[in-house]
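Heads up, model_18.cif below (mmCIF, C-alpha atoms):
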```
data_target
#
loop_
_atom_site.label_atom_id
_atom_site.label_comp_id
_atom_site.auth_asym_id
_atom_site.auth_seq_id
_atom_site.Cartn_x
_atom_site.Cartn_y
_atom_site.Cartn_z
CA MET K 1 89.83 63.31 66.54
CA GLU K 2 87.58 63.20 63.53
CA THR K 3 84.93 65.81 62.80
CA GLN K 4 81.75 64.16 61.60
CA THR K 5 80.07 67.28 60.30
CA ILE K 6 79.17 70.83 61.23
CA ASP K 7 76.41 70.47 63.82
CA HIS K 8 75.34 74.08 64.07
CA ILE K 9 76.37 77.70 64.11
CA GLY K 10 75.50 79.65 67.26
CA ILE K 11 74.09 83.16 66.84
CA VAL K 12 73.41 85.54 69.73
CA VAL K 13 70.18 87.53 69.37
CA GLU K 14 68.41 90.30 71.29
CA ASN K 15 65.02 88.61 71.27
CA ILE K 16 64.66 84.94 70.44
CA ASP K 17 61.01 85.05 69.41
CA LYS K 18 61.59 87.93 67.01
CA ALA K 19 64.64 86.10 65.67
CA ILE K 20 62.71 82.84 65.12
CA ASP K 21 60.09 84.85 63.27
CA PHE K 22 62.80 86.58 61.18
CA TYR K 23 64.53 83.33 60.22
CA GLU K 24 61.18 81.73 59.34
CA LYS K 25 59.72 84.60 57.34
CA ASN K 26 62.83 85.93 55.64
CA LEU K 27 65.15 82.96 55.31
CA GLY K 28 62.60 80.14 55.02
CA MET K 29 64.04 78.17 57.93
CA LYS K 30 62.04 75.92 60.24
CA LEU K 31 62.09 75.79 64.03
CA ILE K 32 62.89 72.25 65.17
CA ASP K 33 63.57 72.81 68.88
CA LYS K 34 63.23 75.55 71.49
CA GLU K 35 64.32 75.21 75.09
CA GLU K 36 65.60 77.04 78.15
CA LEU K 37 69.00 75.88 79.34
CA LYS K 38 68.64 77.13 82.91
CA ASP K 39 72.14 76.04 84.02
CA ARG K 40 73.63 78.17 81.24
CA GLY K 41 71.16 81.01 81.68
CA ILE K 42 70.05 81.03 78.06
CA LYS K 43 67.12 80.35 75.79
CA VAL K 44 67.98 78.52 72.56
CA ALA K 45 66.15 77.75 69.33
CA PHE K 46 67.34 75.50 66.51
CA MET K 47 66.41 76.45 62.94
CA VAL K 48 67.12 74.33 59.85
CA GLY K 49 66.80 74.70 56.11
CA LYS K 50 64.68 72.48 53.89
CA ASN K 51 67.23 69.74 53.21
CA GLY K 52 69.66 70.74 55.87
CA GLU K 53 71.06 68.78 58.75
CA SER K 54 73.27 71.57 59.99
CA ALA K 55 71.36 74.08 62.05
CA VAL K 56 71.42 77.67 63.21
CA GLU K 57 71.20 77.88 67.01
CA LEU K 58 69.73 81.18 68.17
CA LEU K 59 70.77 82.14 71.72
CA GLU K 60 69.30 84.77 74.02
CA PRO K 61 70.34 85.28 77.63
CA ILE K 62 67.51 84.77 80.15
CA ASN K 63 68.79 87.78 82.09
CA HIS K 64 70.33 90.40 79.77
CA ASP K 65 71.95 92.24 82.68
CA ASP K 66 73.82 89.29 84.21
CA MET K 67 77.40 90.12 83.24
CA ASN K 68 78.58 86.78 84.67
CA ASN K 69 76.70 85.15 81.84
CA THR K 70 78.95 84.93 78.79
CA VAL K 71 76.08 85.27 76.31
CA ALA K 72 74.63 88.35 78.08
CA LYS K 73 78.14 89.83 78.17
CA PHE K 74 78.68 89.06 74.47
CA LEU K 75 75.38 90.77 73.59
CA LYS K 76 76.18 93.84 75.69
CA THR K 77 79.75 94.29 74.46
CA LYS K 78 79.66 93.07 70.85
CA GLY K 79 75.98 93.17 69.98
CA PRO K 80 74.03 90.38 68.29
CA GLY K 81 75.83 88.18 65.77
CA LEU K 82 77.84 85.03 65.11
CA HIS K 83 78.93 83.46 68.41
CA HIS K 84 80.27 79.92 68.05
CA LEU K 85 80.88 77.01 65.69
CA ALA K 86 79.73 73.53 66.75
CA ILE K 87 81.10 70.37 65.20
CA ARG K 88 79.80 66.85 65.74
CA VAL K 89 82.21 64.21 66.98
CA GLU K 90 81.78 60.47 67.53
CA ASP K 91 83.29 60.31 71.02
CA ILE K 92 83.41 63.60 72.91
CA ASN K 93 85.53 62.29 75.80
CA LYS K 94 88.15 61.03 73.37
CA ALA K 95 88.00 64.33 71.43
CA LEU K 96 88.54 66.37 74.61
CA GLU K 97 91.48 64.20 75.67
CA ASP K 98 92.96 64.48 72.22
CA LEU K 99 92.60 68.28 72.00
CA SER K 100 93.92 68.73 75.52
CA ALA K 101 96.97 66.57 74.66
CA LYS K 102 97.51 68.80 71.62
CA GLY K 103 97.67 71.81 73.93
CA LEU K 104 94.26 73.35 73.22
CA GLN K 105 92.61 75.18 76.10
CA LEU K 106 89.35 73.52 77.16
CA VAL K 107 86.53 75.60 78.64
CA ASP K 108 84.85 72.36 79.75
CA LYS K 109 87.18 69.60 80.91
CA GLN K 110 84.23 67.22 81.04
CA PRO K 111 81.30 67.07 78.62
CA ARG K 112 77.99 68.30 79.97
CA PRO K 113 74.36 68.01 78.90
CA GLY K 114 73.52 70.48 76.14
CA ALA K 115 70.45 71.28 74.08
CA ARG K 116 68.52 68.44 72.41
CA GLY K 117 69.86 65.96 75.01
CA HIS K 118 73.31 65.94 73.39
CA LEU K 119 76.64 66.02 75.21
CA VAL K 120 78.62 69.20 74.60
CA ALA K 121 81.92 70.86 75.55
CA PHE K 122 83.49 74.18 74.59
CA ILE K 123 87.07 74.92 73.53
CA HIS K 124 88.53 78.38 74.20
CA PRO K 125 88.74 80.74 71.19
CA LYS K 126 92.37 81.55 72.10
CA SER K 127 93.22 77.99 71.08
CA VAL K 128 91.11 77.97 67.91
CA MET K 129 92.32 81.07 66.07
CA GLY K 130 89.59 83.28 67.51
CA VAL K 131 86.70 80.83 67.15
CA LEU K 132 84.69 79.63 70.15
CA LEU K 133 84.35 75.94 69.29
CA GLU K 134 81.71 73.57 70.62
CA LEU K 135 81.99 69.80 70.38
CA VAL K 136 78.71 67.92 70.16
CA GLN K 137 78.20 64.21 70.66
CA GLU K 138 74.78 63.11 69.49
CA LYS K 139 72.44 61.33 71.85
CA HIS K 140 72.15 57.72 70.75
CA MET B 1 62.65 82.17 49.69
CA GLU B 2 63.52 78.73 50.93
CA THR B 3 66.85 77.89 52.53
CA GLN B 4 68.10 74.55 51.26
CA THR B 5 70.79 74.05 53.86
CA ILE B 6 73.73 75.77 55.53
CA ASP B 7 76.38 75.91 52.83
CA HIS B 8 79.31 77.07 54.93
CA ILE B 9 80.51 79.26 57.74
CA GLY B 10 83.16 81.84 56.84
CA ILE B 11 86.10 82.29 59.22
CA VAL B 12 88.75 85.00 58.84
CA VAL B 13 92.29 83.81 59.59
CA GLU B 14 95.74 85.41 59.84
CA ASN B 15 97.46 82.77 57.73
CA ILE B 16 95.48 80.39 55.56
CA ASP B 17 98.13 77.67 55.31
CA LYS B 18 98.60 77.54 59.07
CA ALA B 19 94.82 77.50 59.49
CA ILE B 20 94.39 74.62 57.01
CA ASP B 21 97.05 72.72 58.92
CA PHE B 22 95.32 73.49 62.24
CA TYR B 23 91.88 72.36 61.03
CA GLU B 24 93.38 69.17 59.56
CA LYS B 25 95.55 68.19 62.50
CA ASN B 26 93.39 69.29 65.40
CA LEU B 27 89.84 69.05 64.13
CA GLY B 28 90.21 66.21 61.64
CA MET B 29 88.78 68.20 58.74
CA LYS B 30 89.74 67.77 55.09
CA LEU B 31 90.67 70.42 52.54
CA ILE B 32 88.40 70.14 49.51
CA ASP B 33 89.18 73.38 47.69
CA LYS B 34 91.68 76.23 47.83
CA GLU B 35 91.62 79.25 45.55
CA GLU B 36 92.46 82.92 45.19
CA LEU B 37 89.48 85.17 44.54
CA LYS B 38 91.43 88.05 43.01
CA ASP B 39 88.39 90.29 42.47
CA ARG B 40 87.62 90.09 46.20
CA GLY B 41 91.28 90.28 47.26
CA ILE B 42 91.16 87.09 49.32
CA LYS B 43 92.47 83.55 49.50
CA VAL B 44 89.89 80.95 50.53
CA ALA B 45 90.00 77.30 51.58
CA PHE B 46 87.05 74.97 52.15
CA MET B 47 87.34 72.33 54.89
CA VAL B 48 84.76 69.62 55.60
CA GLY B 49 84.20 66.93 58.20
CA LYS B 50 84.02 63.20 57.48
CA ASN B 51 80.31 62.95 56.70
CA GLY B 52 79.72 66.63 56.34
CA GLU B 53 78.30 68.57 53.50
CA SER B 54 78.45 71.91 55.24
CA ALA B 55 81.91 73.42 55.15
CA VAL B 56 84.15 75.84 56.95
CA GLU B 57 85.47 78.52 54.58
CA LEU B 58 88.78 79.96 55.74
CA LEU B 59 89.48 83.47 54.41
CA GLU B 60 92.71 85.43 54.38
CA PRO B 61 93.17 88.79 52.68
CA ILE B 62 95.80 88.80 49.91
CA ASN B 63 97.01 92.19 51.14
CA HIS B 64 96.59 92.53 54.92
CA ASP B 65 97.15 96.29 54.78
CA ASP B 66 94.45 97.13 52.22
CA MET B 67 91.84 98.80 54.41
CA ASN B 68 89.45 99.01 51.44
CA ASN B 69 89.24 95.25 51.60
CA THR B 70 86.52 94.23 54.05
CA VAL B 71 88.29 91.03 55.11
CA ALA B 72 91.61 92.82 55.76
CA LYS B 73 89.70 95.47 57.71
CA PHE B 74 87.85 92.81 59.71
CA LEU B 75 91.13 91.10 60.59
CA LYS B 76 92.79 94.37 61.60
CA THR B 77 89.91 95.68 63.71
CA LYS B 78 88.31 92.53 65.17
CA GLY B 79 91.02 89.91 64.80
CA PRO B 80 90.53 86.42 63.39
CA GLY B 81 87.22 84.67 63.96
CA LEU B 82 83.71 83.96 62.68
CA HIS B 83 82.89 86.22 59.73
CA HIS B 84 79.76 85.16 57.83
CA LEU B 85 77.03 82.56 57.46
CA ALA B 86 76.29 81.17 54.01
CA ILE B 87 73.05 79.45 53.13
CA ARG B 88 72.26 77.59 49.94
CA VAL B 89 69.25 78.65 47.91
CA GLU B 90 67.67 77.17 44.80
CA ASP B 91 67.32 80.41 42.84
CA ILE B 92 69.58 83.24 43.96
CA ASN B 93 67.96 85.90 41.74
CA LYS B 94 64.55 85.09 43.16
CA ALA B 95 65.95 85.07 46.70
CA LEU B 96 67.54 88.51 46.22
CA GLU B 97 64.31 89.94 44.81
CA ASP B 98 62.36 88.43 47.68
CA LEU B 99 64.70 89.74 50.40
CA SER B 100 64.86 93.17 48.80
CA ALA B 101 61.04 93.30 48.68
CA LYS B 102 61.02 92.41 52.38
CA GLY B 103 63.21 95.44 53.05
CA LEU B 104 66.55 93.73 53.66
CA GLN B 105 69.64 95.67 52.62
CA LEU B 106 71.57 93.89 49.87
CA VAL B 107 75.33 94.27 49.60
CA ASP B 108 75.17 92.71 46.12
CA LYS B 109 72.13 93.64 44.04
CA GLN B 110 73.15 91.05 41.48
CA PRO B 111 74.71 87.64 42.13
CA ARG B 112 78.37 87.31 41.23
CA PRO B 113 80.77 84.41 40.72
CA GLY B 114 82.05 83.06 44.04
CA ALA B 115 84.34 80.24 45.09
CA ARG B 116 83.82 76.74 43.64
CA GLY B 117 82.12 78.24 40.58
CA HIS B 118 78.95 79.01 42.54
CA LEU B 119 76.87 82.18 42.32
CA VAL B 120 76.90 84.23 45.52
CA ALA B 121 75.50 87.45 46.98
CA PHE B 122 75.85 89.10 50.39
CA ILE B 123 73.14 90.65 52.58
CA HIS B 124 74.09 93.44 55.00
CA PRO B 125 74.43 92.44 58.69
CA LYS B 126 72.27 95.44 59.68
CA SER B 127 69.34 93.65 58.05
CA VAL B 128 70.13 90.22 59.50
CA MET B 129 70.40 90.93 63.24
CA GLY B 130 74.17 91.41 63.13
CA VAL B 131 74.98 88.49 60.82
CA LEU B 132 76.70 88.98 57.47
CA LEU B 133 74.70 86.58 55.32
CA GLU B 134 75.82 85.03 52.05
CA LEU B 135 73.45 83.38 49.61
CA VAL B 136 74.91 80.58 47.52
CA GLN B 137 73.40 79.03 44.43
CA GLU B 138 75.15 75.83 43.49
CA LYS B 139 76.63 75.45 40.06
CA HIS B 140 74.61 72.91 38.14
#
```
Represent the supplied structure as structure tokens.
Amino acid sequence: METQTIDHIGIVVENIDKAIDFYEKNLGMKLIDKEELKDRGIKVAFMVGKNGESAVELLEPINHDDMNNTVAKFLKTKGPGLHHLAIRVEDINKALEDLSAKGLQLVDKQPRPGARGHLVAFIHPKSVMGVLLELVQEKH
Amino acid sequence: METQTIDHIGIVVENIDKAIDFYEKNLGMKLIDKEELKDRGIKVAFMVGKNGESAVELLEPINHDDMNNTVAKFLKTKGPGLHHLAIRVEDINKALEDLSAKGLQLVDKQPRPGARGHLVAFIHPKSVMGVLLELVQEKH
């Protein structure tokens, strides 16, 4: 498996609109995409710097009290903050096969549709030295 | 203040050599820099993807038992994992002035030498919705 680049860094927030405003006004970042991922129960917003390809993904649970939702649970137990690291790969199916063969624990055995029309899959933090890792294959 | 791009994402690890090996073998990343930052009591390693500018910075405390060291304390209390987000700015002094004027709490009032010869300064997570933020001004 070959990492192409860092795709984004996922950050859990209490209120996505306030967070977008904060990142725009204080850190000079620009909103490039905002959507609701209903199947994952979250709202997401992608913010980038001036010359930057890599993005910050802000995540807010749609229902803050749904403790079956991992993002709502994260927010309730740990508070807002850094949540996951996403790296871009050429071929996500091949990457998942490869990581599984190496003994890493996959959260998603198959890629699924993610934000921005990309294919995504998560790897368990237990297998990645405490980091929740997301693989992203760009939509072509 | 204008964010140029995401410079790196800082990840605290138990053992930096094992972590470098893990990121190389499992995630196909390449080591581009490894150094000891004695004044901060840490060892750091920068890993990048194939086409990637943004990096992962692995951090290990030099002395794991020094509870005055924030990285050692992080490792002991939270375990290994995502630690900070670093964004690149054009003029770090201007950025610090700007953020301070906006009411954000600075950890470093003045920039100081960081890894790779860059100038860096940290902003307190209380002011950044739970995210420890590092500003990085590239060495020219």
Counting all atoms listed in the file, which residues of chain B come no farther than 6 Å from chain K, as a ChimeraX atom specification? /B:1-5,28,49-52,80-81,130-131
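The interatomic distance for the pair atom CA of Ile42 of chain B and atom CA of Ile16 of chain B works out to 10.1 Å.
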Show me the residues around (85.9, 62.2, 79.0) - criterion: an atom at most 12 Å away, only C-alpha atoms counted - as a PyMOL selection string. chain K and resi 91-100+106+108-112+119-121+137
Give me the result of the PyMOL selection byres ((chain K and resi 46) around 8) on this file, residue by residue, as a list in words. Leu31, Ile32, Asp33, Lys34, Val44, Ala45, Met47, Val48, Ala55, Val56, Glu57 and Leu58 of chain K
Straight-line distance linking atom CA of Lys139 of chain B with atom CA of Gly117 of chain B, stated in Å to one decimal: 6.2 Å
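For the atom pair formed by atom CA of Asn63 of chain B and atom CA of Lys43 of chain B, the distance is 9.9 Å, given to one decimal.
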Answer key for the PyMOL selection byres ((chain K and resi 62) around 9), residues as a PyMOL selection string: chain K and resi 36+38+41-43+60-61+63-64+66+72
Tell me which residues the PyMOL selection byres ((chain B and resi 123) around 6) grabs here, as a PyMOL selection string. chain B and resi 106-107+122+124+133
